[in-house]
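**Q** Handing over structure_37.csv, CSV, C-alpha atoms.
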```csv
chain,number,residue,atom,x,y,z
A,1,MET,CA,51.0,-43.4,-6.6
A,2,GLU,CA,51.5,-40.7,-9.3
A,3,THR,CA,49.2,-40.3,-12.2
A,4,SER,CA,51.8,-41.6,-14.6
A,5,ASP,CA,52.3,-44.7,-12.5
A,6,VAL,CA,48.6,-45.4,-12.4
A,7,ASN,CA,48.4,-44.9,-16.2
A,8,SER,CA,51.4,-47.3,-16.7
A,9,TYR,CA,49.8,-49.9,-14.3
A,10,ILE,CA,46.5,-49.7,-16.1
A,11,GLY,CA,48.2,-49.9,-19.5
A,12,GLU,CA,50.2,-52.9,-18.6
A,13,ARG,CA,47.1,-54.7,-17.2
A,14,ILE,CA,45.1,-53.9,-20.4
A,15,ARG,CA,48.0,-55.2,-22.6
A,16,ASP,CA,48.5,-58.4,-20.5
A,17,LEU,CA,44.8,-59.2,-20.6
A,18,ARG,CA,44.5,-58.4,-24.3
A,19,ASN,CA,47.4,-60.7,-25.0
A,20,ARG,CA,46.1,-63.5,-22.8
A,21,ASN,CA,42.8,-63.3,-24.7
A,22,GLY,CA,44.6,-63.5,-28.0
A,23,LEU,CA,43.3,-60.2,-29.2
A,24,THR,CA,45.1,-57.6,-31.4
A,25,GLN,CA,44.9,-53.9,-30.5
A,26,GLN,CA,42.5,-53.5,-33.5
A,27,GLU,CA,40.2,-56.3,-32.3
A,28,LEU,CA,40.0,-54.8,-28.8
A,29,ALA,CA,39.4,-51.4,-30.4
A,30,ASP,CA,36.6,-52.8,-32.6
A,31,ARG,CA,34.9,-54.5,-29.6
A,32,THR,CA,35.0,-51.3,-27.5
A,33,GLU,CA,34.3,-48.8,-30.3
A,34,LEU,CA,37.6,-47.1,-29.7
A,35,THR,CA,40.5,-46.5,-32.0
A,36,LYS,CA,43.6,-48.7,-32.3
A,37,GLY,CA,45.7,-45.6,-31.6
A,38,PHE,CA,43.9,-44.9,-28.4
A,39,ILE,CA,44.4,-48.6,-27.3
A,40,SER,CA,48.1,-48.3,-28.1
A,41,GLN,CA,48.5,-45.1,-26.2
A,42,LEU,CA,46.6,-46.5,-23.3
A,43,GLU,CA,48.7,-49.6,-23.1
A,44,ARG,CA,51.9,-47.4,-23.1
A,45,GLY,CA,50.5,-45.3,-20.2
A,46,GLN,CA,50.4,-42.2,-22.4
A,47,VAL,CA,46.7,-41.5,-21.9
A,48,SER,CA,44.1,-42.3,-19.3
A,49,ALA,CA,40.6,-43.6,-19.9
A,50,SER,CA,37.4,-42.4,-18.4
A,51,VAL,CA,35.9,-44.7,-15.8
A,52,VAL,CA,33.1,-45.7,-18.2
A,53,THR,CA,35.6,-46.5,-21.0
A,54,LEU,CA,37.9,-48.4,-18.6
A,55,PHE,CA,35.0,-50.5,-17.2
A,56,ASP,CA,34.0,-51.3,-20.8
A,57,LEU,CA,37.5,-52.4,-21.6
A,58,ILE,CA,37.7,-54.5,-18.5
A,59,GLU,CA,34.4,-56.2,-19.4
A,60,CYS,CA,35.5,-56.9,-23.0
A,61,LEU,CA,38.6,-58.5,-21.6
A,62,GLY,CA,36.6,-60.9,-19.5
A,63,THR,CA,37.3,-59.7,-16.0
A,64,THR,CA,35.8,-57.5,-13.3
A,65,PRO,CA,37.0,-54.2,-11.9
A,66,ALA,CA,37.8,-55.9,-8.6
A,67,ASP,CA,39.9,-58.6,-10.3
A,68,PHE,CA,41.5,-56.0,-12.6
A,69,PHE,CA,42.8,-53.9,-9.8
A,70,ARG,CA,43.7,-56.7,-7.4
A,71,GLN,CA,47.4,-56.8,-7.0
A,72,GLU,CA,48.4,-60.4,-6.5
A,73,GLU,CA,51.6,-61.4,-4.9
A,74,GLU,CA,53.7,-63.4,-7.4
A,75,LYS,CA,53.3,-67.1,-6.6
A,76,ILE,CA,56.7,-68.8,-6.4
A,77,VAL,CA,56.2,-72.2,-4.7
A,78,PHE,CA,53.5,-74.7,-5.7
A,79,SER,CA,52.6,-77.7,-3.6
A,80,GLU,CA,51.5,-81.2,-4.7
A,81,ASN,CA,47.9,-80.5,-3.8
A,82,GLU,CA,47.8,-77.7,-6.4
A,83,TYR,CA,48.9,-79.9,-9.3
A,84,PHE,CA,46.4,-80.9,-12.0
A,85,GLU,CA,46.7,-84.6,-13.0
A,86,LYS,CA,45.3,-86.3,-16.1
A,87,ILE,CA,45.5,-90.1,-16.5
A,88,ASP,CA,44.9,-91.4,-20.0
A,89,GLU,CA,43.1,-94.6,-20.9
A,90,ALA,CA,46.3,-96.6,-20.8
A,91,GLY,CA,47.1,-95.4,-17.2
A,92,ASN,CA,49.8,-93.0,-18.1
A,93,SER,CA,49.9,-89.9,-15.9
A,94,LYS,CA,50.6,-86.2,-16.7
A,95,GLN,CA,50.7,-83.7,-13.8
A,96,TRP,CA,50.8,-80.0,-14.5
A,97,ILE,CA,53.1,-79.0,-11.6
A,98,VAL,CA,52.7,-75.2,-12.1
A,99,PRO,CA,49.0,-74.3,-12.0
A,100,SER,CA,47.9,-71.8,-14.7
A,101,ALA,CA,51.3,-72.1,-16.5
A,102,GLN,CA,49.6,-70.8,-19.7
A,103,LYS,CA,50.4,-67.3,-18.5
A,104,TYR,CA,54.1,-68.1,-18.3
A,105,GLN,CA,56.8,-68.7,-20.9
A,106,MET,CA,57.1,-72.5,-20.2
A,107,GLU,CA,54.9,-75.3,-18.9
A,108,PRO,CA,56.5,-78.0,-16.7
A,109,LEU,CA,54.9,-81.4,-16.4
A,110,LEU,CA,55.7,-84.5,-14.4
A,111,VAL,CA,55.0,-87.5,-16.6
A,112,VAL,CA,54.8,-91.2,-15.6
A,113,LEU,CA,54.6,-93.7,-18.4
A,114,ARG,CA,53.5,-97.2,-17.6
A,115,PRO,CA,55.7,-100.1,-18.7
A,116,HIS,CA,55.5,-100.4,-22.5
A,117,GLY,CA,53.2,-97.3,-22.5
A,118,GLU,CA,53.4,-94.3,-24.8
A,119,LEU,CA,51.9,-90.9,-25.1
A,120,GLU,CA,49.9,-89.7,-28.1
A,121,GLU,CA,52.0,-88.4,-31.0
A,122,ASP,CA,52.3,-84.6,-31.2
A,123,LYS,CA,52.0,-82.9,-34.5
A,124,PRO,CA,54.7,-80.4,-35.4
A,125,HIS,CA,54.2,-77.0,-33.7
A,126,ASN,CA,56.2,-73.9,-32.8
A,127,GLY,CA,58.2,-74.1,-29.6
A,128,GLU,CA,60.8,-76.1,-27.8
A,129,GLU,CA,60.6,-79.1,-25.5
A,130,PHE,CA,62.9,-80.4,-22.8
A,131,GLY,CA,62.8,-83.5,-20.8
A,132,TYR,CA,64.8,-85.0,-17.9
A,133,LEU,CA,64.3,-88.7,-17.2
A,134,ILE,CA,64.1,-89.3,-13.5
A,135,SER,CA,63.7,-93.1,-13.6
A,136,GLY,CA,63.2,-95.8,-16.1
A,137,ARG,CA,63.9,-95.7,-19.9
A,138,LEU,CA,62.4,-93.8,-22.8
A,139,ASN,CA,62.3,-93.8,-26.5
A,140,LEU,CA,62.0,-90.4,-28.1
A,141,TYR,CA,60.6,-90.4,-31.6
A,142,LEU,CA,61.5,-87.2,-33.4
A,143,GLY,CA,60.6,-87.2,-37.0
A,144,GLU,CA,62.1,-90.4,-38.5
A,145,LYS,CA,64.7,-90.8,-35.7
A,146,VAL,CA,64.5,-92.7,-32.4
A,147,TYR,CA,66.6,-91.7,-29.4
A,148,HIS,CA,67.1,-94.1,-26.5
A,149,ILE,CA,67.2,-92.3,-23.1
A,150,LYS,CA,68.0,-93.7,-19.7
A,151,ALA,CA,67.6,-92.3,-16.2
A,152,GLY,CA,69.7,-89.3,-15.5
A,153,GLU,CA,69.7,-88.2,-19.2
A,154,SER,CA,67.9,-85.2,-20.7
A,155,PHE,CA,66.7,-84.3,-24.1
A,156,TYR,CA,65.9,-81.0,-25.9
A,157,TYR,CA,64.5,-80.3,-29.3
A,158,GLN,CA,62.6,-77.9,-31.5
A,159,ALA,CA,59.0,-79.2,-31.8
A,160,THR,CA,58.8,-78.5,-35.5
A,161,ARG,CA,58.7,-82.3,-36.3
A,162,THR,CA,56.3,-85.0,-35.3
A,163,HIS,CA,57.3,-86.3,-31.9
A,164,ARG,CA,56.2,-88.8,-29.2
A,165,ILE,CA,57.7,-90.7,-26.3
A,166,SER,CA,57.3,-94.4,-25.3
A,167,ASN,CA,58.5,-96.5,-22.4
A,168,PRO,CA,60.2,-99.7,-23.7
A,169,GLY,CA,60.9,-101.0,-20.2
A,170,ASN,CA,59.2,-103.3,-17.7
A,171,ARG,CA,58.8,-100.6,-15.0
A,172,PRO,CA,57.3,-97.1,-15.0
A,173,ALA,CA,59.3,-94.2,-16.6
A,174,LYS,CA,59.2,-90.9,-14.7
A,175,LEU,CA,60.2,-87.6,-16.3
A,176,LEU,CA,60.1,-83.9,-16.0
A,177,TRP,CA,58.9,-82.5,-19.3
A,178,ILE,CA,58.9,-78.7,-20.1
A,179,SER,CA,57.3,-77.1,-23.1
A,180,ALA,CA,57.8,-73.5,-24.2
A,181,PRO,CA,55.5,-71.9,-25.0
A,182,PRO,CA,52.8,-73.8,-23.0
A,183,GLU,CA,50.6,-76.1,-24.9
A,184,PHE,CA,46.9,-75.7,-24.4
```
Show the structure stored in the file as structure tokens.
**A**
Amino acid sequence: METSDVNSYIGERIRDLRNRNGLTQQELADRTELTKGFISQLERGQVSASVVTLFDLIECLGTTPADFFRQEEEKIVFSENEYFEKIDEAGNSKQWIVPSAQKYQMEPLLVVLRPHGELEEDKPHNGEEFGYLISGRLNLYLGEKVYHIKAGESFYYQATRTHRISNPGNRPAKLLWISAPPEF
């Protein structure tokens, strides 16, 4: 690997970790007693950092040198035993079917609403939401409007209005629900 390739790799990893931690270049610079300009050049692969400086950056970004340099193969397929499931007090189920989806652009969930069940109302937020109803029936409350959805239908909306879903039927409703960007 050439020096420019190493600098680019390190720069991309620093930028990715900084963004995942919700830090600006200035905030990272302040935490490491470096300049914003140096952080910017480092992220673009234009300069290299000393080992001491790089280890300080890695520590400030909440990781270890071993994890920082580990090259993971991109995970493509996820199995059911990797899903994370949360069941609310009413017995409705949400399964996060792509583990660690926060690092991606969208977050798919498999949702099962009990008969006459509903999920908690979401406040308006930035982003988009998509759903495909696999079985059962749903009511989608979007702002002041109600949309009636049956199995095989899908919905898509900007999440800038208050929204929630409910199951008006006598049997469970199962849907694939995707949010972009992921909700935490």
**Q** Could you state the separation of atom CA of Glu74 of chain A and atom CA of Met106 of chain A in Å, given to one decimal place?
**A**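 For atom CA of Glu74 of chain A relative to atom CA of Met106 of chain A, the distance reads 16.1 Å.
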**Q** Atom CA of Arg137 of chain A and atom CA of Glu121 of chain A, how far apart in Å?
**A**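 If I compute the distance from atom CA of Glu121 of chain A to atom CA of Arg137 of chain A, I get 17.8 Å.
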**Q** Using only C-alpha atoms, which of A:Val112, A:Ala101, A:Leu176, A:Val47 sits nearest Ile87 of chain A?
**A** A:Val112
**Q** Using all atoms listed in the file, which of A:Leu17, A:Ile134, A:Leu23, A:Leu113 sits nearest Ala90 of chain A?
**A**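 Of A:Leu17, A:Ile134, A:Leu23, A:Leu113, the one nearest Ala90 of chain A is A:Leu113, counting all atoms listed in the file.
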**Q** Would you work out the distance separating atom CA of Glu89 of chain A from atom CA of Asn167 of chain A, expressed in Å to one decimal?
**A**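 Going from atom CA of Glu89 of chain A over to atom CA of Asn167 of chain A covers 15.6 Å.
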**Q** Which one of A:Lys36, A:Leu133, A:Thr162, A:Glu59 sits closest to Lys150 of chain A if you count only C-alpha atoms?
**A**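 Closest candidate: A:Leu133.
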**Q** Name all residues at most 12 Å from segment 117-120 of chain A (count all atoms listed in the file; drop same-chain ones fewer than 2 positions away) and give them as a PyMOL selection string.
**A** chain A and resi 87-94+111-115+122-123+136-141+162-174
**Q** Can you tell me which residues surround Glu43 of chain A at a distance of at most 10 Å, considering only C-alpha atoms, apart from same-chain residues fewer than 2 positions away, and format the answer as a list in words?
**A** Asn7, Ser8, Tyr9, Ile10, Gly11, Glu12, Arg13, Ile14, Arg15, Asp16, Arg18, Gln25, Gly37, Phe38, Ile39, Ser40, Gln41, Gly45, Gln46, Val47 and Ser48 of chain A
**Q** Can you pull out every residue within 12 Å of Gly62 of chain A, counting all atoms listed in the file, but drop anything in the same chain fewer than 4 positions away, and send it as JSON, numbers by chain?
**A** {"A": [14, 17, 18, 20, 21, 22, 23, 28, 55, 56, 57, 58, 67, 68]}
**Q** Between A:Leu110, A:Thr63, A:Thr160, A:Val146, which has the minimum distance to Glu85 of chain A (counting only C-alpha atoms)?
**A**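 Ranked by minimum distance to Glu85 of chain A, first place goes to A:Leu110.
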**Q** Pick the closest to Phe69 of chain A from A:Arg31, A:Glu107, A:Pro124, A:Val6: which is it, counting all atoms listed in the file?
**A** A:Val6
**Q** Using only C-alpha atoms, find the one residue out of A:Glu33, A:Glu27, A:Glu128, A:Asp5 that sits nearest to Pro181 of chain A.
**A**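 Comparing A:Glu33, A:Glu27, A:Glu128, A:Asp5 against Pro181 of chain A, the winner is A:Glu128.
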**Q** Find the residues near Phe78 of chain A: any atom within 8 Å, counting all atoms listed in the file, skip ones fewer than 3 places away on the same chain, and give them as a PyMOL selection string.
**A** chain A and resi 75+82-83+97-99
**Q** Residues proximal to (67.0, -83.1, -15.9) were defined as those with any atom within 12 Å of that point in the file's coordinates, counting all atoms listed in the file. Which are they, as a list in words?
**A** Pro108, Leu110, Phe130, Gly131, Tyr132, Leu133, Ile134, Ser135, Ile149, Lys150, Ala151, Gly152, Glu153, Ser154, Phe155, Tyr156, Lys174, Leu175, Leu176, Trp177 and Ile178 of chain A
**Q** Next, the residues of the selection above should be written as an mmCIF file, in the frame of the given file with C-alpha atoms.
**A**
```
data_model
loop_
_atom_site.group_PDB
_atom_site.id
_atom_site.type_symbol
_atom_site.label_atom_id
_atom_site.label_comp_id
_atom_site.auth_asym_id
_atom_site.auth_seq_id
_atom_site.Cartn_x
_atom_site.Cartn_y
_atom_site.Cartn_z
ATOM 1 C CA PRO A 108 56.500 -78.000 -16.700
ATOM 2 C CA LEU A 110 55.700 -84.500 -14.400
ATOM 3 C CA PHE A 130 62.900 -80.400 -22.800
ATOM 4 C CA GLY A 131 62.800 -83.500 -20.800
ATOM 5 C CA TYR A 132 64.800 -85.000 -17.900
ATOM 6 C CA LEU A 133 64.300 -88.700 -17.200
ATOM 7 C CA ILE A 134 64.100 -89.300 -13.500
ATOM 8 C CA SER A 135 63.700 -93.100 -13.600
ATOM 9 C CA ILE A 149 67.200 -92.300 -23.100
ATOM 10 C CA LYS A 150 68.000 -93.700 -19.700
ATOM 11 C CA ALA A 151 67.600 -92.300 -16.200
ATOM 12 C CA GLY A 152 69.700 -89.300 -15.500
ATOM 13 C CA GLU A 153 69.700 -88.200 -19.200
ATOM 14 C CA SER A 154 67.900 -85.200 -20.700
ATOM 15 C CA PHE A 155 66.700 -84.300 -24.100
ATOM 16 C CA TYR A 156 65.900 -81.000 -25.900
ATOM 17 C CA LYS A 174 59.200 -90.900 -14.700
ATOM 18 C CA LEU A 175 60.200 -87.600 -16.300
ATOM 19 C CA LEU A 176 60.100 -83.900 -16.000
ATOM 20 C CA TRP A 177 58.900 -82.500 -19.300
ATOM 21 C CA ILE A 178 58.900 -78.700 -20.100
#
```
**Q** Is there a way to complete segment 158-180 of chain A with N, CA and C atoms and then write that out as a PDB file, in the frame of the given file?
**A**
```pdb
ATOM      1  N   GLN A 158      63.569 -78.745 -30.920  1.00  0.00           N
ATOM      2  CA  GLN A 158      62.600 -77.900 -31.500  1.00  0.00           C
ATOM      3  C   GLN A 158      61.397 -78.750 -31.890  1.00  0.00           C
ATOM      4  N   ALA A 159      60.189 -78.315 -31.592  1.00  0.00           N
ATOM      5  CA  ALA A 159      59.000 -79.200 -31.800  1.00  0.00           C
ATOM      6  C   ALA A 159      58.428 -79.047 -33.201  1.00  0.00           C
ATOM      7  N   THR A 160      59.252 -78.746 -34.165  1.00  0.00           N
ATOM      8  CA  THR A 160      58.800 -78.500 -35.500  1.00  0.00           C
ATOM      9  C   THR A 160      58.666 -79.828 -36.335  1.00  0.00           C
ATOM     10  N   ARG A 161      58.917 -80.968 -35.690  1.00  0.00           N
ATOM     11  CA  ARG A 161      58.700 -82.300 -36.300  1.00  0.00           C
ATOM     12  C   ARG A 161      57.754 -83.089 -35.466  1.00  0.00           C
ATOM     13  N   THR A 162      57.123 -84.071 -36.070  1.00  0.00           N
ATOM     14  CA  THR A 162      56.300 -85.000 -35.300  1.00  0.00           C
ATOM     15  C   THR A 162      57.096 -85.628 -34.236  1.00  0.00           C
ATOM     16  N   HIS A 163      56.500 -85.773 -33.032  1.00  0.00           N
ATOM     17  CA  HIS A 163      57.300 -86.300 -31.900  1.00  0.00           C
ATOM     18  C   HIS A 163      56.348 -87.034 -30.919  1.00  0.00           C
ATOM     19  N   ARG A 164      56.945 -88.026 -30.240  1.00  0.00           N
ATOM     20  CA  ARG A 164      56.200 -88.800 -29.200  1.00  0.00           C
ATOM     21  C   ARG A 164      57.266 -89.477 -28.346  1.00  0.00           C
ATOM     22  N   ILE A 165      56.820 -89.960 -27.191  1.00  0.00           N
ATOM     23  CA  ILE A 165      57.700 -90.700 -26.300  1.00  0.00           C
ATOM     24  C   ILE A 165      57.012 -92.051 -25.961  1.00  0.00           C
ATOM     25  N   SER A 166      57.837 -93.076 -25.709  1.00  0.00           N
ATOM     26  CA  SER A 166      57.300 -94.400 -25.300  1.00  0.00           C
ATOM     27  C   SER A 166      58.264 -94.934 -24.214  1.00  0.00           C
ATOM     28  N   ASN A 167      57.733 -95.853 -23.431  1.00  0.00           N
ATOM     29  CA  ASN A 167      58.500 -96.500 -22.400  1.00  0.00           C
ATOM     30  C   ASN A 167      58.722 -97.975 -22.858  1.00  0.00           C
ATOM     31  N   PRO A 168      59.959 -98.351 -23.259  1.00  0.00           N
ATOM     32  CA  PRO A 168      60.200 -99.700 -23.700  1.00  0.00           C
ATOM     33  C   PRO A 168      60.462-100.692 -22.544  1.00  0.00           C
ATOM     34  N   GLY A 169      60.529-100.165 -21.317  1.00  0.00           N
ATOM     35  CA  GLY A 169      60.900-101.000 -20.200  1.00  0.00           C
ATOM     36  C   GLY A 169      59.779-101.686 -19.475  1.00  0.00           C
ATOM     37  N   ASN A 170      60.147-102.488 -18.494  1.00  0.00           N
ATOM     38  CA  ASN A 170      59.200-103.300 -17.700  1.00  0.00           C
ATOM     39  C   ASN A 170      58.775-102.576 -16.408  1.00  0.00           C
ATOM     40  N   ARG A 171      59.253-101.364 -16.187  1.00  0.00           N
ATOM     41  CA  ARG A 171      58.800-100.600 -15.000  1.00  0.00           C
ATOM     42  C   ARG A 171      58.483 -99.175 -15.446  1.00  0.00           C
ATOM     43  N   PRO A 172      57.758 -98.428 -14.634  1.00  0.00           N
ATOM     44  CA  PRO A 172      57.300 -97.100 -15.000  1.00  0.00           C
ATOM     45  C   PRO A 172      58.537 -96.173 -15.335  1.00  0.00           C
ATOM     46  N   ALA A 173      58.327 -95.242 -16.240  1.00  0.00           N
ATOM     47  CA  ALA A 173      59.300 -94.200 -16.600  1.00  0.00           C
ATOM     48  C   ALA A 173      58.768 -92.879 -16.068  1.00  0.00           C
ATOM     49  N   LYS A 174      59.588 -92.163 -15.310  1.00  0.00           N
ATOM     50  CA  LYS A 174      59.200 -90.900 -14.700  1.00  0.00           C
ATOM     51  C   LYS A 174      60.059 -89.784 -15.258  1.00  0.00           C
ATOM     52  N   LEU A 175      59.443 -88.719 -15.802  1.00  0.00           N
ATOM     53  CA  LEU A 175      60.200 -87.600 -16.300  1.00  0.00           C
ATOM     54  C   LEU A 175      59.630 -86.281 -16.078  1.00  0.00           C
ATOM     55  N   LEU A 176      60.509 -85.295 -16.040  1.00  0.00           N
ATOM     56  CA  LEU A 176      60.100 -83.900 -16.000  1.00  0.00           C
ATOM     57  C   LEU A 176      60.148 -83.423 -17.437  1.00  0.00           C
ATOM     58  N   TRP A 177      59.022 -82.875 -17.912  1.00  0.00           N
ATOM     59  CA  TRP A 177      58.900 -82.500 -19.300  1.00  0.00           C
ATOM     60  C   TRP A 177      58.469 -81.009 -19.328  1.00  0.00           C
ATOM     61  N   ILE A 178      59.217 -80.175 -20.061  1.00  0.00           N
ATOM     62  CA  ILE A 178      58.900 -78.700 -20.100  1.00  0.00           C
ATOM     63  C   ILE A 178      58.715 -78.317 -21.554  1.00  0.00           C
ATOM     64  N   SER A 179      57.589 -77.646 -21.812  1.00  0.00           N
ATOM     65  CA  SER A 179      57.300 -77.100 -23.100  1.00  0.00           C
ATOM     66  C   SER A 179      57.331 -75.582 -23.074  1.00  0.00           C
ATOM     67  N   ALA A 180      57.841 -74.991 -24.118  1.00  0.00           N
ATOM     68  CA  ALA A 180      57.800 -73.500 -24.200  1.00  0.00           C
ATOM     69  C   ALA A 180      57.505 -73.169 -25.666  1.00  0.00           C
TER      70      ALA A 180
END
```
